[in-house]
>>> print(open('final-v1.cif').read())   # mmCIF, C-alpha atoms
data_data
loop_
_atom_site.label_atom_id
_atom_site.label_comp_id
_atom_site.auth_asym_id
_atom_site.auth_seq_id
_atom_site.Cartn_x
_atom_site.Cartn_y
_atom_site.Cartn_z
CA MET A 1 9.73 -7.44 7.13
CA PRO A 2 11.38 -10.38 8.80
CA PHE A 3 9.39 -13.04 6.90
CA THR A 4 10.44 -11.96 3.42
CA THR A 5 13.33 -13.36 1.43
CA LEU A 6 13.72 -10.13 -0.54
CA SER A 7 16.19 -7.46 0.41
CA PRO A 8 14.47 -4.21 1.49
CA THR A 9 16.34 -2.46 -1.31
CA ALA A 10 14.70 -4.76 -3.89
CA VAL A 11 11.12 -3.82 -3.04
CA THR A 12 9.23 -0.85 -4.50
CA VAL A 13 7.13 0.97 -1.91
CA VAL A 14 3.76 2.56 -2.68
CA ARG A 15 2.71 4.99 0.02
CA LEU A 16 -1.03 5.56 0.18
CA PRO A 17 -2.76 8.52 1.85
CA ALA A 18 -4.46 6.51 4.61
CA ARG A 19 -5.98 9.51 6.39
CA HIS A 20 -7.33 10.98 3.16
CA MET A 21 -8.80 7.58 2.19
CA GLY A 22 -10.56 7.35 5.55
CA VAL A 23 -11.94 10.90 5.41
CA THR A 24 -13.17 10.39 1.84
CA ALA A 25 -14.83 7.07 2.70
CA ALA A 26 -16.51 8.58 5.77
CA ARG A 27 -17.87 11.50 3.76
CA MET A 28 -19.23 9.18 1.09
CA LEU A 29 -20.87 7.00 3.75
CA LEU A 30 -22.46 10.00 5.46
CA ASP A 31 -23.75 11.20 2.10
CA ARG A 32 -25.39 7.77 1.58
CA ILE A 33 -26.95 7.91 5.03
CA LYS A 34 -28.34 11.37 4.21
CA GLY A 35 -30.05 9.94 1.13
CA ASP A 36 -27.51 10.16 -1.70
CA THR A 37 -28.74 7.79 -4.43
CA GLN A 38 -26.01 8.32 -7.03
CA PRO A 39 -24.58 5.16 -8.56
CA ALA A 40 -21.42 3.77 -6.98
CA ARG A 41 -18.31 5.67 -8.01
CA THR A 42 -14.57 5.26 -7.90
CA VAL A 43 -12.36 7.83 -6.21
CA VAL A 44 -8.70 7.94 -7.21
CA LEU A 45 -6.30 9.47 -4.71
CA ARG A 46 -2.68 10.43 -5.23
CA ASN A 47 -0.02 8.03 -4.06
CA GLU A 48 3.73 8.20 -3.71
CA LEU A 49 5.85 5.64 -5.49
CA GLN A 50 9.31 4.97 -4.08
CA PRO A 51 11.12 2.73 -6.55
CA ALA A 52 13.44 0.08 -5.14
CA SER A 53 16.47 1.73 -6.69
CA ALA A 54 15.78 4.95 -4.73
CA THR A 55 16.09 3.14 -1.38
CA ARG A 56 19.56 1.73 -2.05
CA SER A 57 22.41 3.24 -0.12
#
>>> encode(input="final-v1.cif", output="structure tokens")
Amino acid sequence: MPFTTLSPTAVTVVRLPARHMGVTAARMLLDRIKGDTQPARTVVLRNELQPASATRS
């Protein structure tokens, strides 16, 4: 990113499953619309961690 003062090799990257998050959220919303009255819940999805040291060349 051009506005950062950190080297790209000094930043750890966390990749999140954006599509899976969207699909899960949409399903939960549709369930609510259909009458689901369960208490709010937390869904934990897998992520991919790319440590800064792994990006160094």
>>> resolve_selection(input="final-v1.cif", expression="the PyMOL selection byres ((chain A and resi 30-46) around 8)", output="list of chain:residue names")
A:Leu16, A:Pro17, A:Met21, A:Ala26, A:Arg27, A:Met28, A:Leu29, A:Asn47, A:Glu48
>>> write_last_selection(input="final-v1.cif", atoms="C-alpha atoms", output="mmCIF file, in the frame of the given file")
data_model
loop_
_atom_site.group_PDB
_atom_site.id
_atom_site.type_symbol
_atom_site.label_atom_id
_atom_site.label_comp_id
_atom_site.auth_asym_id
_atom_site.auth_seq_id
_atom_site.Cartn_x
_atom_site.Cartn_y
_atom_site.Cartn_z
ATOM 1 C CA LEU A 16 -1.030 5.560 0.180
ATOM 2 C CA PRO A 17 -2.760 8.520 1.850
ATOM 3 C CA MET A 21 -8.800 7.580 2.190
ATOM 4 C CA ALA A 26 -16.510 8.580 5.770
ATOM 5 C CA ARG A 27 -17.870 11.500 3.760
ATOM 6 C CA MET A 28 -19.230 9.180 1.090
ATOM 7 C CA LEU A 29 -20.870 7.000 3.750
ATOM 8 C CA ASN A 47 -0.020 8.030 -4.060
ATOM 9 C CA GLU A 48 3.730 8.200 -3.710
#
>>> resolve_selection(input="final-v1.cif", expression="the PyMOL selection byres ((chain A and resi 12) around 6)", output="ChimeraX atom specification")
/A:11,13,50-52
>>> axis_aligned_box(input="final-v1.cif", around="region 43-46 of chain A", padding_each_side="3 Å", output="JSON")
{"center_x": -7.5, "center_y": 9.1, "center_z": -6.0, "size_x": 15.7, "size_y": 8.6, "size_z": 8.5}
